[in-house]
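Student: Here you go, target39.txt (compact mmCIF, C-alpha atoms):
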```
# COMPACT_ATOMS: atom_id res chain seq x y z
CA MET V 366 7.58 -2.82 -2.40
CA PRO V 367 5.68 -0.53 -0.02
CA GLU V 368 2.42 -2.23 0.93
CA LEU V 369 -0.62 -0.93 2.78
CA PRO V 370 0.93 -0.88 6.28
CA GLU V 371 3.99 1.02 5.05
CA VAL V 372 1.78 3.49 3.20
CA GLU V 373 -0.38 3.98 6.30
CA VAL V 374 2.68 4.54 8.50
CA THR V 375 3.91 7.09 5.95
CA ARG V 376 0.50 8.79 5.95
CA ARG V 377 0.44 9.11 9.73
CA ARG V 378 3.91 10.57 9.91
CA LEU V 379 3.29 13.07 7.13
CA GLU V 380 -0.05 14.02 8.66
CA ARG V 381 1.67 14.90 11.94
CA GLU V 382 4.29 17.03 10.20
CA LEU V 383 2.55 18.65 7.24
CA VAL V 384 -1.13 19.29 7.99
CA GLY V 385 -1.62 23.04 8.30
CA LYS V 386 1.51 23.79 6.25
CA ARG V 387 1.40 25.55 2.88
CA PHE V 388 3.22 24.59 -0.29
CA ALA V 389 5.82 27.22 -1.17
CA GLN V 390 7.40 25.65 -4.24
CA VAL V 391 7.28 22.51 -6.39
CA VAL V 392 10.33 21.26 -8.29
CA LEU V 393 9.86 18.67 -11.06
CA ARG V 394 12.88 16.77 -12.39
CA VAL V 395 10.89 14.32 -14.51
CA THR V 396 7.88 14.64 -16.78
CA LYS V 397 6.70 11.05 -16.37
CA LEU V 398 6.67 8.32 -13.75
CA ARG V 399 4.14 5.53 -14.31
CA LEU V 400 1.87 8.30 -15.58
CA LEU V 401 2.63 11.81 -16.76
CA VAL V 402 3.41 14.22 -13.94
CA PRO V 403 1.27 17.36 -14.46
CA SER V 404 3.56 20.29 -15.22
CA GLY V 405 0.89 22.53 -13.71
CA LEU V 406 1.81 21.34 -10.22
CA THR V 407 4.44 24.09 -10.11
CA THR V 408 1.72 26.75 -10.34
CA ILE V 409 -1.26 24.94 -8.76
CA LEU V 410 0.23 23.95 -5.41
CA PRO V 411 2.16 27.02 -4.15
CA GLY V 412 0.01 28.82 -1.60
CA LEU V 413 -2.31 25.87 -0.95
CA MET V 414 -2.54 24.37 2.54
CA VAL V 415 -2.45 20.67 3.36
CA ARG V 416 -5.78 20.19 5.14
CA GLY V 417 -5.47 16.47 5.66
CA ILE V 418 -3.81 13.34 4.30
CA ASP V 419 -5.97 10.32 3.52
CA ARG V 420 -5.24 6.86 2.20
CA ARG V 421 -7.17 4.74 -0.29
CA GLY V 422 -5.60 1.32 -0.73
CA LYS V 423 -1.94 2.14 -1.38
CA TYR V 424 -2.64 5.69 -2.60
CA LEU V 425 -1.92 8.78 -0.50
CA LEU V 426 -4.29 11.71 -0.97
CA PHE V 427 -3.23 15.18 0.16
CA ASN V 428 -6.36 17.29 0.66
CA CYS V 429 -5.48 20.77 -0.57
CA GLY V 430 -8.97 22.26 -0.42
CA SER V 431 -9.38 23.03 -4.10
CA GLY V 432 -8.17 19.59 -5.14
CA TRP V 433 -6.13 16.54 -4.27
CA LEU V 434 -2.46 15.66 -4.70
CA LEU V 435 -2.42 11.91 -5.36
CA VAL V 436 0.73 9.88 -4.67
CA HIS V 437 1.43 6.18 -5.20
CA LEU V 438 4.85 4.85 -4.22
CA GLY V 439 4.93 2.12 -6.86
CA MET V 440 7.48 -0.68 -6.48
CA THR V 441 10.46 1.21 -5.09
CA GLY V 442 9.29 4.68 -4.13
CA PHE V 443 9.34 6.48 -0.82
CA LEU V 444 8.93 9.99 0.49
CA LYS V 445 11.85 11.73 2.19
CA LEU V 446 10.84 14.32 4.75
CA LEU V 447 13.72 16.77 5.11
CA ARG V 448 14.48 20.16 6.63
CA GLY V 449 16.09 22.92 4.62
CA SER V 450 17.50 22.92 1.11
CA LEU V 451 19.52 19.80 0.33
CA PRO V 452 20.91 18.86 -3.10
CA PRO V 453 18.93 16.08 -4.79
CA GLU V 454 20.41 12.64 -5.16
CA LYS V 455 19.94 10.18 -7.99
CA HIS V 456 16.28 9.16 -8.39
CA ASP V 457 14.99 12.17 -6.40
CA HIS V 458 12.33 13.16 -8.94
CA LEU V 459 10.09 15.74 -7.24
CA ASP V 460 10.39 18.24 -4.39
CA PHE V 461 7.52 19.78 -2.45
CA VAL V 462 8.84 22.72 -0.44
CA PHE V 463 6.70 24.02 2.44
CA ASP V 464 6.48 27.44 4.04
CA ASP V 465 7.99 26.23 7.34
CA GLY V 466 11.16 24.86 5.73
CA HIS V 467 10.05 21.24 5.37
CA LEU V 468 10.97 19.52 2.12
CA LEU V 469 9.03 16.47 0.94
CA ARG V 470 11.07 14.66 -1.71
CA PHE V 471 9.77 11.83 -3.91
CA TYR V 472 12.37 9.12 -4.59
CA ASP V 473 11.65 6.30 -7.04
CA PRO V 474 14.44 4.36 -8.83
CA ARG V 475 12.14 2.35 -11.09
CA LYS V 476 9.68 5.18 -11.80
CA PHE V 477 6.64 2.99 -11.20
CA GLY V 478 5.12 5.50 -8.79
CA THR V 479 2.46 8.10 -9.49
CA VAL V 480 2.17 11.79 -8.64
CA THR V 481 -0.81 13.64 -10.05
CA TRP V 482 -3.52 16.21 -9.28
CA PHE V 483 -7.29 16.16 -9.55
CA SER V 484 -10.31 18.01 -8.22
CA GLY V 485 -13.72 16.70 -7.26
CA ASP V 486 -14.85 13.62 -5.37
CA PRO V 487 -11.99 11.13 -4.81
CA LEU V 488 -14.48 8.27 -4.96
CA LEU V 489 -15.20 9.18 -8.58
CA TYR V 490 -11.59 9.66 -9.69
CA PRO V 491 -10.70 6.97 -12.30
CA LEU V 492 -7.71 5.51 -10.41
CA LEU V 493 -9.84 5.10 -7.27
CA ALA V 494 -13.42 4.63 -8.45
CA GLU V 495 -13.27 0.88 -9.07
CA MET V 496 -11.53 -0.04 -5.82
CA GLY V 497 -13.21 -2.36 -3.35
CA PRO V 498 -13.67 -1.69 0.37
CA GLU V 499 -10.76 -0.97 2.67
CA PRO V 500 -9.51 -4.17 4.35
CA LEU V 501 -9.57 -2.44 7.74
CA GLY V 502 -13.01 -0.91 7.20
CA GLY V 503 -16.36 -2.15 8.45
CA SER V 504 -17.75 -3.05 5.03
CA PHE V 505 -15.07 -5.69 4.47
CA ASP V 506 -16.37 -8.73 6.33
CA GLY V 507 -16.90 -12.45 5.93
CA PRO V 508 -20.26 -12.30 4.13
CA TYR V 509 -18.89 -9.71 1.70
CA LEU V 510 -15.83 -11.81 0.84
CA PHE V 511 -17.95 -14.97 0.60
CA GLY V 512 -20.20 -13.22 -1.91
CA ALA V 513 -17.21 -11.97 -3.90
CA ALA V 514 -15.72 -15.48 -3.99
CA LYS V 515 -18.92 -17.33 -4.88
CA GLY V 516 -18.57 -19.29 -8.11
CA LYS V 517 -15.04 -18.02 -8.76
CA LYS V 518 -12.42 -20.45 -10.09
CA ILE V 519 -9.60 -17.95 -9.59
CA ALA V 520 -7.14 -18.76 -6.78
CA VAL V 521 -8.20 -17.29 -3.45
CA LYS V 522 -4.87 -15.45 -3.17
CA GLN V 523 -5.47 -13.71 -6.48
CA LEU V 524 -9.00 -12.82 -5.37
CA ILE V 525 -7.88 -10.99 -2.23
CA MET V 526 -5.14 -9.21 -4.22
CA ASP V 527 -7.73 -7.89 -6.69
CA SER V 528 -8.15 -4.21 -5.77
CA SER V 529 -11.72 -4.24 -7.09
CA VAL V 530 -12.55 -6.85 -4.42
CA VAL V 531 -10.58 -5.33 -1.54
CA ALA V 532 -8.27 -2.32 -1.68
CA GLY V 533 -4.57 -2.64 -1.04
CA VAL V 534 -3.89 -6.25 0.00
CA GLY V 535 -0.50 -6.91 -1.57
CA ASN V 536 1.58 -10.03 -2.09
CA ILE V 537 3.33 -10.04 1.28
CA TYR V 538 0.22 -9.77 3.41
CA ALA V 539 -1.86 -12.06 1.18
CA ASN V 540 0.73 -14.80 1.82
CA GLU V 541 0.73 -14.12 5.54
CA ALA V 542 -3.06 -13.86 5.93
CA LEU V 543 -3.71 -17.12 4.10
CA PHE V 544 -1.23 -18.88 6.37
CA HIS V 545 -2.94 -17.46 9.47
CA ALA V 546 -6.32 -18.58 8.10
CA CYS V 547 -4.97 -22.06 7.17
CA ILE V 548 -6.15 -21.71 3.56
CA ARG V 549 -4.08 -22.81 0.56
CA PRO V 550 -3.36 -19.82 -1.68
CA ASP V 551 -3.97 -21.77 -4.90
CA ARG V 552 -7.37 -23.07 -3.86
CA ALA V 553 -10.31 -21.97 -6.00
CA ALA V 554 -11.91 -18.98 -4.29
CA GLY V 555 -15.39 -20.36 -4.86
CA THR V 556 -14.66 -23.42 -2.69
CA THR V 557 -14.20 -21.36 0.48
CA SER V 558 -16.98 -21.52 3.06
CA LEU V 559 -18.51 -18.55 4.85
CA GLN V 560 -16.61 -19.51 8.00
CA GLU V 561 -13.34 -19.67 6.08
CA CYS V 562 -14.03 -16.25 4.56
CA GLU V 563 -14.69 -14.85 8.02
CA GLU V 564 -11.42 -16.33 9.25
CA LEU V 565 -9.57 -14.96 6.24
CA VAL V 566 -10.97 -11.45 6.76
CA ALA V 567 -9.90 -11.63 10.41
CA ALA V 568 -6.42 -12.80 9.34
CA ILE V 569 -6.06 -9.98 6.80
CA ARG V 570 -6.98 -7.45 9.48
CA LYS V 571 -4.58 -9.05 11.94
CA VAL V 572 -1.49 -9.02 9.74
CA LEU V 573 -2.14 -5.49 8.48
CA GLU V 574 -2.93 -4.02 11.90
CA GLU V 575 0.07 -5.67 13.53
CA SER V 576 2.42 -4.20 10.93
CA ILE V 577 0.87 -0.76 11.30
CA VAL V 578 0.77 -0.67 15.10
CA GLU V 579 4.05 -2.41 15.84
CA GLY V 580 5.98 -0.95 12.92
CA ASP V 581 7.30 -4.43 12.06
CA ALA V 582 7.51 -3.79 8.33
CA CYS V 583 9.11 -0.36 8.34
CA ILE V 584 11.60 1.81 10.14
CA VAL V 585 10.86 5.51 10.35
CA ALA V 586 14.15 7.34 9.94
CA GLU V 587 14.84 11.04 10.40
CA SER V 588 14.78 11.74 6.69
CA ALA V 589 12.63 9.01 5.19
CA VAL V 590 10.38 6.06 5.68
CA ALA V 591 12.47 3.09 4.57
CA TYR V 592 11.11 -0.40 4.14
CA HIS V 593 12.65 -3.51 5.63
CA PRO V 594 11.38 -7.10 5.74
CA GLN V 595 10.00 -8.25 9.05
CA ALA V 596 10.14 -11.77 10.46
CA PHE V 597 7.34 -13.14 8.30
CA LYS V 598 5.89 -16.58 8.90
CA VAL V 599 5.82 -17.67 5.24
CA TYR V 600 6.66 -14.78 2.91
CA GLY V 601 10.26 -15.06 1.73
CA ARG V 602 10.73 -18.36 3.60
CA GLY V 603 10.25 -20.87 0.79
CA GLY V 604 12.23 -24.07 1.42
CA LYS V 605 12.49 -23.37 5.15
CA PRO V 606 10.61 -25.17 7.95
CA CYS V 607 7.05 -24.14 8.77
CA ILE V 608 6.99 -22.48 12.18
CA SER V 609 3.87 -24.48 13.11
CA CYS V 610 4.56 -28.04 11.92
CA ASN V 611 8.20 -28.02 10.71
CA ALA V 612 7.23 -29.19 7.20
CA THR V 613 9.12 -27.57 4.33
CA LEU V 614 7.38 -24.47 2.98
CA GLU V 615 6.62 -24.70 -0.74
CA VAL V 616 6.94 -21.97 -3.38
CA ILE V 617 4.63 -21.66 -6.40
CA ARG V 618 3.75 -18.86 -8.84
CA LEU V 619 0.26 -17.38 -8.85
CA GLY V 620 -0.56 -14.48 -11.10
CA GLY V 621 3.15 -13.94 -11.69
CA ARG V 622 3.82 -13.57 -7.95
CA SER V 623 5.92 -15.77 -5.70
CA THR V 624 3.62 -17.58 -3.30
CA VAL V 625 4.75 -19.50 -0.22
CA PHE V 626 2.59 -21.88 1.80
CA CYS V 627 2.58 -24.95 4.02
CA ARG V 628 0.93 -27.97 2.41
CA THR V 629 0.33 -29.47 5.86
CA CYS V 630 -1.18 -26.47 7.66
CA GLN V 631 -3.07 -24.89 4.77
CA LYS V 632 -5.98 -26.74 3.18
```
Just give me the structure of the file as structure tokens.

Tutor:
Amino acid sequence: MPELPEVEVTRRRLERELVGKRFAQVVLRVTKLRLLVPSGLTTILPGLMVRGIDRRGKYLLFNCGSGWLLVHLGMTGFLKLLRGSLPPEKHDHLDFVFDDGHLLRFYDPRKFGTVTWFSGDPLLYPLLAEMGPEPLGGSFDGPYLFGAAKGKKIAVKQLIMDSSVVAGVGNIYANEALFHACIRPDRAAGTTSLQECEELVAAIRKVLEESIVEGDACIVAESAVAYHPQAFKVYGRGGKPCISCNATLEVIRLGGRSTVFCRTCQK
């Protein structure tokens, strides 16, 4: 599943290639992904210029001046950036053709992604309005997380994966950040101290920034951004030795998600 670093890498690449370009044509091969795909995209977008590409959590926002094209990659989606007219393959659901010959193609086998259009302030748009601060932004800090956790019995891992608390921290990086911060994922959020919250915020920033800067979690190909697992410290390593103490990493389920941790290192 594309997580925040993969979405940010995608945003940066598309920003380099598409800002200043105009939509020439939109081809829809489906009427619905996770949500209905507006049929009006075929008439709204042609002629509009991409003025910028922003990110909010795991959402991509294409600023088109008169409105915003909103894209979420869902569980299995990615965006193919192509040149020229190429026949679509299975699960290629939408094409955005640009005036310079670029073709942006939305691929999503499970159809859990989102492509839609809205105008107005993105901060007020329903899918975005209730999201918490960006994990890499200045307003996400130790005191903020400590306040959000205060009195909460929910597991700390579930708290940091709640998009209303912090935007875009997914399962992979929640596992990794909690390991870096030496905090058990199933611990009640309200039992964390201010210092632990500060350390957890720093760990979240670290694992996200490293994946963005180093490209550890994705490979940018000529035609697409494809996602590949990096050498994670705990995620996907249940039953294997902890890299710090050699104890066996344990696997539990939290909120329906596989969760891996070290009972020795994480308290």

Student: Taking 2 positions as the minimum chain separation for residues in the same chain, which residues sit within 9 Å of Val402 of chain V when counting all atoms listed in the file? Answer as JSON, numbers by chain.

Tutor: {"V": [393, 395, 396, 397, 398, 399, 400, 404, 405, 406, 479, 480, 481, 482]}

Student: Please return, as a ChimeraX atom specification, all polymer residues that have at least one atom within 9 Å of the point (6.7, 23.5, 10.0); use all atoms listed in the file and the file's own coordinate frame.

Tutor: /V:382-383,385-386,463-467

Student: Given only C-alpha atoms as the basis, pick out the residue of V:Gln631, V:Gln523, V:Ser484, V:Ser576 nearest to Glu373 of chain V.

Tutor: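 Going through V:Gln631, V:Gln523, V:Ser484, V:Ser576 one by one, the smallest distance to Glu373 of chain V is for V:Ser576.
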
Student: Name the residues in contact with Ile569 of chain V at a cut-off of 9 Å, using all atoms listed in the file, excluding same-chain residues fewer than 6 positions from it; report them as number ranges by chain.

Tutor: V: 500-501, 534, 538-539, 541-543, 545-546

Student: How would you write as a VMD selection string the residues that get within 8 Å of (10.9, 13.1, -9.2) in the file's frame, counting all atoms listed in the file?

Tutor: chain V and resid 393 to 395 398 456 to 460 470 to 473

Student: Go through V:Val531, V:Met496, V:Cys627, V:Leu469 one by one, measure the shortest atom-to-atom distance of each to Val392 of chain V using all atoms listed in the file, and give the residue with the smallest value.

Tutor: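 Checking each of V:Val531, V:Met496, V:Cys627, V:Leu469 against Val392 of chain V, counting all atoms listed in the file, the winner is V:Leu469.
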
Student: Can you tell me, as a list in words, what residues are no more than 10 Å from Lys423 of chain V when counting all atoms listed in the file, ignoring any on the same chain fewer than 5 positions away?

Tutor: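 In the requested format, the answer is Pro367, Glu368, Leu369, Pro370, Glu371, Val372, Glu373, Val436, His437, Leu438, Gly439, Ser528, Ala532, Gly533, Val534 and Gly535 of chain V.
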
Student: Give the answer as one residue: which of V:Asn428, V:Lys571, V:Val462, V:Thr375 has the shortest atom-to-atom distance to Phe388 of chain V, using only C-alpha atoms?

Tutor: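 Ranked by minimum distance to Phe388 of chain V, first place goes to V:Val462.
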
Student: Using atom CA of Thr613 of chain V and atom CA of Leu573 of chain V as the two end points, give the distance in Å to one decimal.

Tutor: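 Computing it gives 25.1 Å between the two atoms.
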
Student: If we count only C-alpha atoms and set the cut-off at 8 Å, which residues sit around segment 510-513 of chain V, ignoring sequence neighbours fewer than 5 positions away in its own chain? Please answer as an MDAnalysis selection string.

Tutor: chainID V and resid 505 530 557:559 562:563 566

Student: How many Å separate atom CA of Ile418 of chain V from atom CA of Leu451 of chain V?

Tutor: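 Computing it gives 24.5 Å between the two atoms.
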
Student: Any idea what the distance is between atom CA of Ala554 of chain V and atom CA of Ser529 of chain V?

Tutor: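 Separating atom CA of Ala554 of chain V from atom CA of Ser529 of chain V is a distance of 15.0 Å.
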
Student: In terms of the shortest atom-to-atom distance over only C-alpha atoms, which of V:Arg475, V:Gly502, V:Lys517, V:Pro491 is closest to Gly442 of chain V?

Tutor: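 Once distances to Gly442 of chain V are computed over only C-alpha atoms, the minimum belongs to V:Arg475.
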
Student: Within 6 Å of Arg552 of chain V, counting all atoms listed in the file, which residues show up once you throw out same-chain ones fewer than 2 positions away? Write them as a PyMOL selection string, please.

Tutor: chain V and resi 520-521+549-550
